[in-house]
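K.L.:
My file is protein.csv. It has CSV, C-alpha atoms:
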chain,number,residue,atom,x,y,z
A,174,MET,CA,-201.7,131.0,57.4
A,175,SER,CA,-198.9,133.1,55.9
A,176,LYS,CA,-196.3,131.1,54.1
A,177,LYS,CA,-192.7,131.7,55.1
A,178,ILE,CA,-190.2,132.1,52.2
A,179,LEU,CA,-186.4,132.4,52.6
A,180,THR,CA,-184.5,134.0,49.7
A,181,VAL,CA,-180.8,133.2,49.6
A,182,ASP,CA,-179.0,135.3,46.9
A,183,ASP,CA,-175.9,137.6,47.1
A,184,SER,CA,-177.8,140.2,45.1
A,185,LYS,CA,-180.0,142.5,47.1
A,186,THR,CA,-181.8,143.3,43.8
A,187,ILE,CA,-182.8,139.7,43.2
A,188,ARG,CA,-184.0,139.3,46.8
A,189,MET,CA,-186.1,142.5,46.3
A,190,ILE,CA,-187.5,141.2,43.0
A,191,ILE,CA,-188.5,137.9,44.6
A,192,GLN,CA,-190.4,139.7,47.4
A,193,ARG,CA,-192.0,141.9,44.9
A,194,ALA,CA,-193.2,138.9,42.9
A,195,PHE,CA,-195.1,137.6,45.9
A,196,ARG,CA,-196.7,141.0,46.7
A,197,ALA,CA,-200.3,139.8,46.0
A,198,HIS,CA,-199.8,136.7,48.2
A,199,ASP,CA,-199.9,136.2,52.0
A,200,CYS,CA,-196.2,135.5,52.5
A,201,THR,CA,-193.6,136.4,55.2
A,202,PHE,CA,-190.0,136.8,54.1
A,203,SER,CA,-186.5,136.3,55.5
A,204,GLU,CA,-183.3,136.7,53.5
A,205,ALA,CA,-179.6,135.8,53.4
A,206,GLY,CA,-176.7,136.8,51.2
A,207,ASN,CA,-174.9,133.5,51.1
A,208,GLY,CA,-175.3,129.8,51.9
A,209,GLU,CA,-173.8,129.9,55.4
A,210,GLU,CA,-176.1,132.8,56.4
A,211,GLY,CA,-179.0,130.9,54.7
A,212,LEU,CA,-178.5,127.9,56.9
A,213,ALA,CA,-178.4,130.0,60.0
A,214,VAL,CA,-181.5,131.9,59.1
A,215,ALA,CA,-183.4,128.7,58.0
A,216,ALA,CA,-182.7,127.1,61.4
A,217,GLY,CA,-184.6,129.9,63.2
A,218,PHE,CA,-187.1,130.9,60.5
A,219,ARG,CA,-188.2,127.4,59.5
A,220,PRO,CA,-189.3,128.4,56.0
A,221,ASP,CA,-192.0,126.7,54.0
A,222,LEU,CA,-189.9,127.4,50.8
A,223,ILE,CA,-186.3,128.4,50.1
A,224,VAL,CA,-185.5,130.2,46.8
A,225,LEU,CA,-181.8,129.6,46.4
A,226,ASP,CA,-179.0,131.0,44.1
A,227,ILE,CA,-175.9,129.0,43.2
A,228,THR,CA,-172.9,131.4,42.8
A,229,MET,CA,-172.5,133.2,46.1
A,230,PRO,CA,-169.5,134.2,48.2
A,231,VAL,CA,-168.6,132.4,51.5
A,232,MET,CA,-170.8,129.3,50.8
A,233,ASP,CA,-172.4,128.6,47.4
A,234,GLY,CA,-176.0,127.3,46.9
A,235,VAL,CA,-175.0,123.7,46.1
A,236,THR,CA,-173.1,123.4,49.4
A,237,MET,CA,-176.0,125.0,51.3
A,238,LEU,CA,-178.4,122.5,49.6
A,239,THR,CA,-176.2,119.6,50.5
A,240,LYS,CA,-176.0,120.6,54.2
A,241,LEU,CA,-179.7,121.4,54.3
A,242,ARG,CA,-180.6,117.8,53.1
A,243,GLN,CA,-178.3,116.5,55.9
A,244,ASP,CA,-180.0,118.5,58.6
A,245,PRO,CA,-182.5,116.4,60.6
A,246,VAL,CA,-184.9,119.3,61.1
A,247,LEU,CA,-184.6,121.2,57.7
A,248,LYS,CA,-184.0,118.3,55.3
A,249,GLY,CA,-187.6,118.3,54.0
A,250,THR,CA,-187.8,122.0,53.2
A,251,PRO,CA,-188.8,122.5,49.5
A,252,VAL,CA,-186.1,124.4,47.5
A,253,ILE,CA,-186.5,126.2,44.2
A,254,MET,CA,-183.1,127.0,42.6
A,255,LEU,CA,-183.0,130.4,41.0
A,256,THR,CA,-179.8,130.9,39.1
A,257,ALA,CA,-178.1,132.1,36.0
A,258,GLU,CA,-176.5,128.6,35.5
A,259,SER,CA,-178.2,126.0,33.3
A,260,GLY,CA,-175.5,123.5,32.3
A,261,ARG,CA,-177.3,120.1,31.9
A,262,GLU,CA,-175.0,118.0,34.1
A,263,SER,CA,-174.9,120.7,36.8
A,264,VAL,CA,-178.7,120.8,36.8
A,265,ALA,CA,-178.8,117.0,37.0
A,266,SER,CA,-176.4,116.8,40.0
A,267,ILE,CA,-178.3,119.5,41.8
A,268,ALA,CA,-181.6,117.8,41.1
A,269,ALA,CA,-180.2,114.6,42.6
A,270,LEU,CA,-179.8,116.5,45.9
A,271,GLY,CA,-183.5,117.1,46.0
A,272,ILE,CA,-185.1,120.2,44.6
A,273,SER,CA,-188.7,121.1,43.8
A,274,ASP,CA,-188.0,123.2,40.7
A,275,TYR,CA,-185.3,125.1,38.8
A,276,LEU,CA,-185.6,128.5,37.3
A,277,VAL,CA,-183.0,130.2,35.2
A,278,LYS,CA,-182.3,134.0,35.4
A,279,PRO,CA,-183.5,136.3,34.0
A,280,PHE,CA,-187.0,135.2,35.1
A,281,LYS,CA,-190.4,136.6,34.9
A,282,GLU,CA,-192.2,137.2,38.2
A,283,THR,CA,-195.1,135.2,37.0
A,284,GLU,CA,-192.9,132.2,36.3
A,285,LEU,CA,-191.6,132.2,39.9
A,286,ILE,CA,-195.1,132.5,41.3
A,287,GLU,CA,-196.3,129.6,39.0
A,288,LYS,CA,-193.5,127.4,40.2
A,289,ALA,CA,-193.8,128.4,43.9
A,290,GLY,CA,-197.6,127.7,43.6
A,291,LYS,CA,-196.9,124.1,42.8
A,292,VAL,CA,-194.8,123.7,45.9
A,293,ILE,CA,-196.7,125.7,48.6
A,294,GLN,CA,-200.3,126.8,48.8
A,295,LEU,CA,-200.2,130.5,48.0
A,296,LEU,CA,-203.2,132.5,49.4
A,297,PRO,CA,-204.1,136.0,48.4
A,298,LYS,CA,-203.0,138.8,50.8
A,299,ALA,CA,-205.9,140.0,52.9
A,300,ALA,CA,-207.1,143.5,51.8
B,141,MET,CA,-166.9,121.0,45.8
B,142,PRO,CA,-166.1,117.9,43.7
B,143,ALA,CA,-167.2,118.0,40.1
B,144,PRO,CA,-170.6,116.4,39.6
B,145,ALA,CA,-170.7,112.9,38.1
B,146,ALA,CA,-171.6,112.7,34.5
B,147,ALA,CA,-175.3,112.1,34.0
B,148,PRO,CA,-176.8,110.1,31.1
B,149,ALA,CA,-178.0,112.4,28.3
B,150,LYS,CA,-181.6,111.1,28.4
B,151,LYS,CA,-181.8,111.9,32.1
B,152,THR,CA,-180.5,115.4,31.6
B,153,ASP,CA,-182.9,116.0,28.7
B,154,ASP,CA,-185.8,114.9,30.8
B,155,LEU,CA,-184.8,117.2,33.6
B,156,ALA,CA,-184.3,120.1,31.2
B,157,LYS,CA,-187.9,119.5,30.0
B,158,ARG,CA,-189.3,119.2,33.5
B,159,PHE,CA,-187.7,122.5,34.6
B,160,GLY,CA,-188.5,124.2,31.3
B,161,LEU,CA,-184.8,124.9,30.4
B,162,ALA,CA,-184.1,126.3,26.9
B,163,PRO,CA,-182.2,123.8,24.7
B,164,THR,CA,-178.8,124.5,23.3
B,165,PRO,CA,-178.9,124.6,19.5
B,166,GLU,CA,-177.7,121.2,18.2
B,167,SER,CA,-175.0,122.7,15.8
B,168,VAL,CA,-173.6,124.7,18.7
B,169,LEU,CA,-173.6,121.7,21.0
B,170,ARG,CA,-171.9,119.4,18.4
B,171,LEU,CA,-169.3,121.9,17.5
B,172,THR,CA,-168.4,123.0,21.0
B,173,GLN,CA,-168.2,119.4,22.2
B,174,LEU,CA,-165.9,118.5,19.2
B,175,VAL,CA,-163.6,121.5,19.7
B,176,ALA,CA,-163.5,121.0,23.5
B,177,ARG,CA,-162.3,117.5,23.1
B,178,ARG,CA,-159.2,119.0,21.5
B,179,GLU,CA,-158.3,116.1,19.3
B,180,ALA,CA,-160.9,117.2,16.8
B,181,SER,CA,-159.7,117.3,13.2
B,182,ALA,CA,-160.1,120.4,11.1
B,183,GLU,CA,-162.1,118.3,8.6
B,184,ASP,CA,-164.7,117.3,11.2
B,185,VAL,CA,-165.1,120.8,12.4
B,186,ALA,CA,-165.2,122.2,8.9
B,187,LYS,CA,-168.0,119.8,8.0
B,188,ILE,CA,-170.2,121.0,10.9
B,189,ILE,CA,-169.5,124.7,10.1
B,190,ALA,CA,-170.3,124.2,6.4
B,191,GLN,CA,-173.8,123.0,7.4
B,192,ASP,CA,-174.5,126.4,9.2
B,193,LYS,CA,-174.3,129.2,6.6
B,194,GLY,CA,-174.4,131.9,9.3
B,195,LEU,CA,-171.5,130.4,11.3
B,196,ALA,CA,-169.5,129.9,8.1
B,197,ALA,CA,-170.0,133.5,7.2
B,198,ARG,CA,-168.9,134.7,10.6
B,199,LEU,CA,-165.9,132.4,10.6
B,200,LEU,CA,-164.8,133.9,7.2
B,201,ARG,CA,-165.4,137.4,8.5
B,202,ALA,CA,-163.2,136.6,11.6
B,203,ALA,CA,-160.5,135.2,9.3
B,204,ASN,CA,-160.5,138.4,7.2
B,205,PRO,CA,-160.5,141.1,9.8
B,206,ARG,CA,-159.2,143.9,7.4
B,207,ALA,CA,-161.7,143.2,4.5
B,208,ASP,CA,-164.6,145.6,4.1
B,209,THR,CA,-166.6,143.3,1.8
B,210,GLU,CA,-166.6,139.6,0.9
B,211,GLU,CA,-164.9,140.5,-2.4
B,212,ASP,CA,-161.9,141.6,-0.4
B,213,TYR,CA,-161.5,138.3,1.4
B,214,SER,CA,-158.1,136.7,1.0
B,215,CYS,CA,-159.2,133.6,2.9
B,216,THR,CA,-162.3,132.2,1.2
B,217,THR,CA,-162.8,128.6,2.4
B,218,VAL,CA,-163.9,127.3,5.8
B,219,GLU,CA,-160.8,125.1,5.9
B,220,ASP,CA,-158.4,128.0,5.3
B,221,ALA,CA,-160.2,130.2,7.8
B,222,LEU,CA,-159.9,127.5,10.4
B,223,ALA,CA,-156.2,127.2,9.8
B,224,ARG,CA,-155.8,130.9,10.0
B,225,ILE,CA,-157.7,131.7,13.2
B,226,GLY,CA,-157.3,128.4,15.2
B,227,MET,CA,-159.7,126.0,16.8
B,228,SER,CA,-160.2,127.8,20.0
B,229,TRP,CA,-161.7,130.7,18.1
B,230,VAL,CA,-164.3,128.4,16.7
B,231,LEU,CA,-165.5,127.7,20.2
B,232,LEU,CA,-166.0,131.4,20.8
B,233,LEU,CA,-167.7,132.0,17.4
B,234,ALA,CA,-170.1,129.1,18.0
B,235,MET,CA,-171.1,130.5,21.3
B,236,THR,CA,-171.6,134.1,20.1
B,237,ASP,CA,-175.1,133.4,18.8
B,238,PRO,CA,-176.5,131.9,22.1
B,239,LEU,CA,-174.7,134.7,24.0
B,240,ASN,CA,-176.3,137.4,21.8
B,241,ARG,CA,-179.7,135.8,22.4
B,242,ALA,CA,-179.0,135.7,26.2
B,243,VAL,CA,-178.1,139.4,26.3
B,244,LYS,CA,-181.2,140.4,24.3
B,245,ASN,CA,-183.4,138.2,26.6
B,246,ALA,CA,-181.8,139.6,29.7
B,247,PHE,CA,-182.5,143.2,28.7
B,248,SER,CA,-186.0,142.4,27.5
B,249,THR,CA,-186.9,140.5,30.7
B,250,LEU,CA,-185.2,142.7,33.3
B,251,PHE,CA,-185.5,146.2,31.8
B,252,ASN,CA,-188.2,145.9,29.2
B,253,LEU,CA,-185.7,147.1,26.6
B,254,GLU,CA,-185.0,145.9,23.1
B,255,LEU,CA,-181.3,145.7,22.5
B,256,ASN,CA,-179.7,144.7,19.1
B,257,PRO,CA,-176.2,143.9,18.1
B,258,MET,CA,-174.4,147.0,16.8
B,259,LEU,CA,-173.9,147.1,13.0
B,260,ALA,CA,-170.2,146.6,12.0
B,261,GLY,CA,-168.3,149.9,12.1
B,262,THR,CA,-170.8,151.8,14.2
B,263,ALA,CA,-169.4,151.1,17.7
B,264,VAL,CA,-168.0,154.2,19.4
B,265,PRO,CA,-165.4,153.3,22.1
B,266,PHE,CA,-165.9,154.7,25.6
B,267,GLU,CA,-163.2,157.4,26.1
B,268,GLU,CA,-164.5,158.6,29.5
B,269,GLU,CA,-164.8,156.7,32.8
B,270,HIS,CA,-167.4,153.9,32.5
B,271,VAL,CA,-168.8,151.1,34.5
B,272,ARG,CA,-167.2,147.7,34.1
B,273,GLY,CA,-168.6,144.5,35.5
B,274,GLU,CA,-166.3,141.4,35.6
B,275,VAL,CA,-167.2,137.8,36.3
B,276,THR,CA,-164.4,135.3,36.0
B,277,PHE,CA,-164.7,131.6,35.5
B,278,SER,CA,-162.2,128.8,36.2
B,279,GLY,CA,-161.9,125.1,35.8
B,280,ARG,CA,-161.3,123.2,32.6
B,281,ALA,CA,-161.8,126.5,30.8
B,282,THR,CA,-160.8,129.8,32.3
B,283,GLY,CA,-161.6,133.3,31.3
B,284,LEU,CA,-163.9,136.2,32.1
B,285,VAL,CA,-166.9,138.2,30.9
B,286,HIS,CA,-166.8,141.9,31.0
B,287,ILE,CA,-169.9,144.1,30.7
B,288,ARG,CA,-169.3,147.8,30.0
B,289,MET,CA,-171.6,150.8,29.9
B,290,MET,CA,-171.6,154.5,30.7
B,291,PRO,CA,-172.6,155.4,34.3
B,292,SER,CA,-175.8,157.1,33.1
B,293,THR,CA,-176.8,153.9,31.3
B,294,ALA,CA,-176.1,151.8,34.5
B,295,ALA,CA,-178.2,154.2,36.5
B,296,THR,CA,-181.1,154.1,34.0
B,297,LEU,CA,-181.1,150.3,33.9
B,298,ALA,CA,-181.0,150.1,37.7
B,299,ALA,CA,-183.8,152.6,38.0
B,300,ARG,CA,-186.0,150.7,35.5
B,301,LEU,CA,-185.5,147.4,37.3
B,302,LEU,CA,-186.0,148.7,40.8
B,303,GLY,CA,-188.9,151.0,39.9
B,304,LEU,CA,-187.1,154.2,41.1
B,305,SER,CA,-185.7,157.3,39.5
B,306,PRO,CA,-181.9,157.4,38.9
B,307,ALA,CA,-181.6,160.2,41.4
B,308,GLU,CA,-183.0,157.9,44.2
B,309,LEU,CA,-180.2,155.3,43.7
B,310,ASP,CA,-176.8,155.1,45.3
B,311,GLU,CA,-173.8,153.6,43.7
B,312,ALA,CA,-174.1,150.3,45.7
B,313,ALA,CA,-177.7,149.8,44.3
B,314,VAL,CA,-176.5,150.5,40.7
B,315,ASN,CA,-173.5,148.1,41.2
B,316,ASP,CA,-175.8,145.4,42.5
B,317,VAL,CA,-178.0,145.5,39.4
B,318,ILE,CA,-175.1,145.6,36.9
B,319,GLY,CA,-173.4,142.8,38.8
B,320,GLU,CA,-176.5,140.6,38.5
B,321,LEU,CA,-176.8,141.4,34.8
B,322,ASN,CA,-173.1,140.4,34.4
B,323,ASN,CA,-173.8,137.2,36.4
B,324,ILE,CA,-176.7,136.3,34.1
B,325,VAL,CA,-174.7,136.8,30.9
B,326,ALA,CA,-171.6,135.0,32.3
B,327,GLY,CA,-173.9,132.2,33.6
B,328,ASN,CA,-175.3,131.6,30.1
B,329,PHE,CA,-171.8,131.5,28.6
B,330,LYS,CA,-170.5,129.2,31.4
B,331,SER,CA,-173.4,126.8,31.0
B,332,ASN,CA,-172.6,126.4,27.3
B,333,LEU,CA,-169.0,125.7,28.2
B,334,CYS,CA,-170.1,123.1,30.7
B,335,ASP,CA,-172.4,121.5,28.1
B,336,ALA,CA,-169.4,121.3,25.8
B,337,GLY,CA,-167.6,119.3,28.5
B,338,LEU,CA,-165.5,122.2,29.8
B,339,ASP,CA,-166.6,122.3,33.5
B,340,CYS,CA,-165.9,125.5,35.2
B,341,LYS,CA,-167.1,127.6,38.1
B,342,LEU,CA,-168.2,131.3,38.2
B,343,ALA,CA,-166.9,133.8,40.7
B,344,PRO,CA,-169.2,136.5,42.1
B,345,PRO,CA,-169.3,139.8,40.0
B,346,GLN,CA,-166.9,142.7,40.6
B,347,ILE,CA,-167.9,146.2,39.6
B,348,THR,CA,-165.4,149.0,38.9
B,349,ARG,CA,-165.2,152.4,37.2
B,350,THR,CA,-162.5,152.6,34.6
B,351,THR,CA,-161.2,154.5,31.6
B,352,GLU,CA,-159.4,151.4,30.3
B,353,PHE,CA,-161.4,150.1,27.2
B,354,GLU,CA,-159.0,147.6,25.8
B,355,LEU,CA,-160.2,144.1,25.2
B,356,PHE,CA,-158.6,141.8,27.8
B,357,ARG,CA,-156.6,139.1,25.8
B,358,PRO,CA,-153.9,137.4,27.8
B,359,ASP,CA,-151.6,134.8,26.1
B,360,GLY,CA,-153.5,131.6,25.3
B,361,ASN,CA,-156.9,133.3,25.4
B,362,VAL,CA,-159.2,134.1,22.5
B,363,ALA,CA,-161.4,137.2,23.0
B,364,GLU,CA,-164.2,138.9,21.3
B,365,ARG,CA,-166.2,142.1,21.9
B,366,CYS,CA,-169.9,142.3,21.1
B,367,GLY,CA,-171.6,145.7,21.0
B,368,PHE,CA,-175.3,146.2,21.6
B,369,ARG,CA,-177.5,149.3,21.2
B,370,GLY,CA,-181.0,150.2,22.2
B,371,ASP,CA,-182.9,153.3,23.2
B,372,ASP,CA,-179.9,155.5,22.9
B,373,LEU,CA,-177.7,153.3,25.1
B,374,ASP,CA,-174.6,151.3,24.2
B,375,VAL,CA,-173.5,148.2,26.0
B,376,PHE,CA,-170.4,146.1,25.3
B,377,ILE,CA,-169.9,142.5,26.3
B,378,ASP,CA,-166.3,141.2,26.2
B,379,ILE,CA,-165.5,137.5,26.4
B,380,SER,CA,-162.0,136.2,27.0
B,381,VAL,CA,-161.6,132.5,27.2
B,382,ASN,CA,-158.9,129.8,27.2
B,383,PRO,CA,-160.8,126.6,26.6
B,384,TRP,CA,-157.8,124.3,27.0
B,385,THR,CA,-156.3,125.1,30.4
B,386,ASP,CA,-155.6,121.5,31.4
Using structure tokens, write down the structure that the file contains.

P.N.:
Amino acid sequence: MSKKILTVDDSKTIRMIIQRAFRAHDCTFSEAGNGEEGLAVAAGFRPDLIVLDITMPVMDGVTMLTKLRQDPVLKGTPVIMLTAESGRESVASIAALGISDYLVKPFKETELIEKAGKVIQLLPKAA
Amino acid sequence: MPAPAAAPAKKTDDLAKRFGLAPTPESVLRLTQLVARREASAEDVAKIIAQDKGLAARLLRAANPRADTEEDYSCTTVEDALARIGMSWVLLLAMTDPLNRAVKNAFSTLFNLELNPMLAGTAVPFEEEHVRGEVTFSGRATGLVHIRMMPSTAATLAARLLGLSPAELDEAAVNDVIGELNNIVAGNFKSNLCDAGLDCKLAPPQITRTTEFELFRPDGNVAERCGFRGDDLDVFIDISVNPWTD
């Protein structure tokens, strides 16, 4: 069954690169440009995995993650943080909110697939 | 959002290992933490700098901006150089190496391009309109990171990343790519500030076209420009920071 991935990043380029990274796998995508939009899309899309940025306008990724973990329906959704920020204490406080993994930009597509593959079962796309 | 609570060093190291985060060089960490505490003595700072020959050499170069060679230096000791340029400069100097590595890594990973710092005296200022990205940060340290390049360079980079030809790209697509590059470079700098104890938060990138090439250096800030060159393209990164805003 196709895995549903939600990408939340204010950069259209990054959202495109993430989708491109999964091109060989059977995945369906939805996207959002900030945390507020991300929560709204997640409620309807019910993703198997969220790939989440931190610095975004309107609502940042940490606030979105906090609200996600408080949502009775979405709280168990796996999240991989994908961000340019790697300050140790910031990573620790985000990890305490509950994340599956953390990837620092710039990233190689193979790194993202490797980390996602540990969280959800990635199947090859049918020919 | 409230500032995150301090986490024990062991726990943050374990998390860094688990997530595969690159470690900050020990000398940079010790130096930035010492300077960020503000009450650091010049002797303590000088001791750490003296252990790092590269950093000592860059400090002396910064303290003797008009000298062409080391023989022309009027300021020849680390202690004198510190007294001349000030402690906040040390913070910037210490972070230049990790920043240079971050810029090279970003260009290599995103664009498959090898970029190297420009040799002293070879930088050619942009006189025409160019693309300028700006990411500001605020908190215990404030400042900004500018990234500058010619429009043709910006289009080439965007095309490489998106797998299109420059002619297929509109300005919004180019701006998005340069904004993300700016965010990555600023994110690295900000993370090092935070690791030094200077918590701050990034703002989303802003991209403009400008002919203004002056280094932004408001009162209280220290600023430095780093030039990079690769494959016939020039890129400048400007850092302006006030590490002691509180």

K.L.:
Please provide as a short mmCIF file (atom, residue, chain, number, x, y, z; two decimals) with C-alpha atoms, in the frame of the given file all residues within 12 Å of Ile191 in chain A, with the sequence filter that same-chain residues fewer than 4 positions apart are discarded (counting all atoms listed in the file).

P.N.:
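What landed in selection34.cif:
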data_model
loop_
_atom_site.label_atom_id
_atom_site.label_comp_id
_atom_site.auth_asym_id
_atom_site.auth_seq_id
_atom_site.Cartn_x
_atom_site.Cartn_y
_atom_site.Cartn_z
CA ILE A 178 -190.20 132.10 52.20
CA LEU A 179 -186.40 132.40 52.60
CA THR A 180 -184.50 134.00 49.70
CA VAL A 181 -180.80 133.20 49.60
CA ASP A 182 -179.00 135.30 46.90
CA SER A 184 -177.80 140.20 45.10
CA LYS A 185 -180.00 142.50 47.10
CA THR A 186 -181.80 143.30 43.80
CA ILE A 187 -182.80 139.70 43.20
CA PHE A 195 -195.10 137.60 45.90
CA ARG A 196 -196.70 141.00 46.70
CA HIS A 198 -199.80 136.70 48.20
CA CYS A 200 -196.20 135.50 52.50
CA THR A 201 -193.60 136.40 55.20
CA PHE A 202 -190.00 136.80 54.10
CA SER A 203 -186.50 136.30 55.50
CA GLU A 204 -183.30 136.70 53.50
CA ILE A 223 -186.30 128.40 50.10
CA VAL A 224 -185.50 130.20 46.80
CA LEU A 225 -181.80 129.60 46.40
CA ASP A 226 -179.00 131.00 44.10
CA ILE A 253 -186.50 126.20 44.20
CA LEU A 255 -183.00 130.40 41.00
CA LYS A 278 -182.30 134.00 35.40
CA PRO A 279 -183.50 136.30 34.00
CA PHE A 280 -187.00 135.20 35.10
CA LYS A 281 -190.40 136.60 34.90
CA GLU A 282 -192.20 137.20 38.20
CA THR A 283 -195.10 135.20 37.00
CA GLU A 284 -192.90 132.20 36.30
CA LEU A 285 -191.60 132.20 39.90
CA ILE A 286 -195.10 132.50 41.30
CA ALA A 289 -193.80 128.40 43.90
CA LEU B 302 -186.00 148.70 40.80
#

K.L.:
Quick one: pull the distance between CA of Gly319 in chain B and CA of Ile272 in chain A, Å, one decimal.

P.N.:
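Between CA of Gly319 in chain B and CA of Ile272 in chain A the gap works out to 26.1 Å.
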
K.L.:
Looking at A:Ala197, A:Ala215, A:Met174, A:Ala205, which one is nearest to Gly249 in chain A, with distances taken over all atoms listed in the file?

P.N.:
A:Ala215

K.L.:
With only C-alpha atoms considered, list every residue of chain A at most 6 Å from chain B, as a list in words.

P.N.:
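Here they are: Ala257, Glu258, Ser259, Gly260, Arg261, Glu262, Ala265, Ser266, Tyr275 and Pro279 of chain A.
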
K.L.:
Dump as a CSV table (one decimal) with C-alpha atoms, keeping the file's coordinate frame all residues having an atom at most 12 Å from (-174.3, 154.3, 33.8), computed in the file's coordinates with all atoms listed in the file.

P.N.:
chain,number,residue,atom,x,y,z
B,266,PHE,CA,-165.9,154.7,25.6
B,268,GLU,CA,-164.5,158.6,29.5
B,269,GLU,CA,-164.8,156.7,32.8
B,270,HIS,CA,-167.4,153.9,32.5
B,271,VAL,CA,-168.8,151.1,34.5
B,272,ARG,CA,-167.2,147.7,34.1
B,273,GLY,CA,-168.6,144.5,35.5
B,287,ILE,CA,-169.9,144.1,30.7
B,288,ARG,CA,-169.3,147.8,30.0
B,289,MET,CA,-171.6,150.8,29.9
B,290,MET,CA,-171.6,154.5,30.7
B,291,PRO,CA,-172.6,155.4,34.3
B,292,SER,CA,-175.8,157.1,33.1
B,293,THR,CA,-176.8,153.9,31.3
B,294,ALA,CA,-176.1,151.8,34.5
B,295,ALA,CA,-178.2,154.2,36.5
B,296,THR,CA,-181.1,154.1,34.0
B,297,LEU,CA,-181.1,150.3,33.9
B,298,ALA,CA,-181.0,150.1,37.7
B,299,ALA,CA,-183.8,152.6,38.0
B,306,PRO,CA,-181.9,157.4,38.9
B,309,LEU,CA,-180.2,155.3,43.7
B,310,ASP,CA,-176.8,155.1,45.3
B,311,GLU,CA,-173.8,153.6,43.7
B,313,ALA,CA,-177.7,149.8,44.3
B,314,VAL,CA,-176.5,150.5,40.7
B,315,ASN,CA,-173.5,148.1,41.2
B,317,VAL,CA,-178.0,145.5,39.4
B,318,ILE,CA,-175.1,145.6,36.9
B,347,ILE,CA,-167.9,146.2,39.6
B,348,THR,CA,-165.4,149.0,38.9
B,349,ARG,CA,-165.2,152.4,37.2
B,350,THR,CA,-162.5,152.6,34.6
B,373,LEU,CA,-177.7,153.3,25.1
B,374,ASP,CA,-174.6,151.3,24.2
B,375,VAL,CA,-173.5,148.2,26.0

K.L.:
Please compute the CA of Arg365 in chain B-CA of Asn252 in chain B distance, one decimal, in Å.

P.N.:
23.5 Å

K.L.:
Which polymer residues have any atom within 10 Å of an atom of Glu210 in chain B, counting only C-alpha atoms, with same-chain residues fewer than 3 positions away left out, as a list in words?

P.N.:
Ala197, Leu200, Arg201, Asn204, Ala207, Tyr213, Ser214, Cys215 and Thr216 of chain B

K.L.:
Could you name the residues that touch Pro257 in chain B at 9 Å or less, counting only C-alpha atoms, but leaving out those on the same chain fewer than 4 positions away, as a short mmCIF file (atom, residue, chain, number, x, y, z; two decimals) with C-alpha atoms, in the coordinates of the input?

P.N.:
data_model
loop_
_atom_site.label_atom_id
_atom_site.label_comp_id
_atom_site.auth_asym_id
_atom_site.auth_seq_id
_atom_site.Cartn_x
_atom_site.Cartn_y
_atom_site.Cartn_z
CA ASN B 240 -176.30 137.40 21.80
CA LYS B 244 -181.20 140.40 24.30
CA CYS B 366 -169.90 142.30 21.10
CA GLY B 367 -171.60 145.70 21.00
CA PHE B 368 -175.30 146.20 21.60
CA ARG B 369 -177.50 149.30 21.20
CA GLY B 370 -181.00 150.20 22.20
#

K.L.:
Mind pulling up the distance from CA of Ser305 in chain B to CA of Asp372 in chain B?

P.N.:
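Taking CA of Asp372 in chain B as the start and CA of Ser305 in chain B as the end point, the length is 17.7 Å.
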
K.L.:
Which residue gives the smallest distance to Glu166 in chain B among B:Ile379, B:Ala186, B:Ala234, B:Leu199, with all atoms listed in the file counted?

P.N.:
B:Ala234

K.L.:
Closest to Lys177 in chain A among A:Met229, A:Ala300, A:Leu270, A:Val214, using only C-alpha atoms?

P.N.:
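Among A:Met229, A:Ala300, A:Leu270, A:Val214, it is A:Val214 that comes nearest to Lys177 in chain A.
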
K.L.:
When you get a chance, write out N, CA and C atoms for range 217-225 of chain B, as a PDB file, keeping the file's coordinate frame.

P.N.:
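This is the output file part33.pdb:
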ATOM      1  N   THR B 217    -162.177 129.903   2.075  1.00  0.00           N
ATOM      2  CA  THR B 217    -162.800 128.600   2.400  1.00  0.00           C
ATOM      3  C   THR B 217    -162.800 128.412   3.914  1.00  0.00           C
ATOM      4  N   VAL B 218    -163.759 127.593   4.370  1.00  0.00           N
ATOM      5  CA  VAL B 218    -163.900 127.300   5.800  1.00  0.00           C
ATOM      6  C   VAL B 218    -162.577 126.685   6.324  1.00  0.00           C
ATOM      7  N   GLU B 219    -161.994 125.759   5.520  1.00  0.00           N
ATOM      8  CA  GLU B 219    -160.800 125.100   5.900  1.00  0.00           C
ATOM      9  C   GLU B 219    -159.627 126.066   6.120  1.00  0.00           C
ATOM     10  N   ASP B 220    -159.463 126.999   5.171  1.00  0.00           N
ATOM     11  CA  ASP B 220    -158.400 128.000   5.300  1.00  0.00           C
ATOM     12  C   ASP B 220    -158.633 128.922   6.474  1.00  0.00           C
ATOM     13  N   ALA B 221    -159.901 129.280   6.667  1.00  0.00           N
ATOM     14  CA  ALA B 221    -160.200 130.200   7.800  1.00  0.00           C
ATOM     15  C   ALA B 221    -159.916 129.512   9.113  1.00  0.00           C
ATOM     16  N   LEU B 222    -160.230 128.202   9.211  1.00  0.00           N
ATOM     17  CA  LEU B 222    -159.900 127.500  10.400  1.00  0.00           C
ATOM     18  C   LEU B 222    -158.425 127.446  10.708  1.00  0.00           C
ATOM     19  N   ALA B 223    -157.659 127.213   9.635  1.00  0.00           N
ATOM     20  CA  ALA B 223    -156.200 127.200   9.800  1.00  0.00           C
ATOM     21  C   ALA B 223    -155.667 128.525  10.215  1.00  0.00           C
ATOM     22  N   ARG B 224    -156.313 129.588   9.728  1.00  0.00           N
ATOM     23  CA  ARG B 224    -155.800 130.900  10.000  1.00  0.00           C
ATOM     24  C   ARG B 224    -156.145 131.364  11.479  1.00  0.00           C
ATOM     25  N   ILE B 225    -157.369 131.136  11.900  1.00  0.00           N
ATOM     26  CA  ILE B 225    -157.700 131.700  13.200  1.00  0.00           C
ATOM     27  C   ILE B 225    -157.613 130.720  14.375  1.00  0.00           C
TER      28      ILE B 225
END
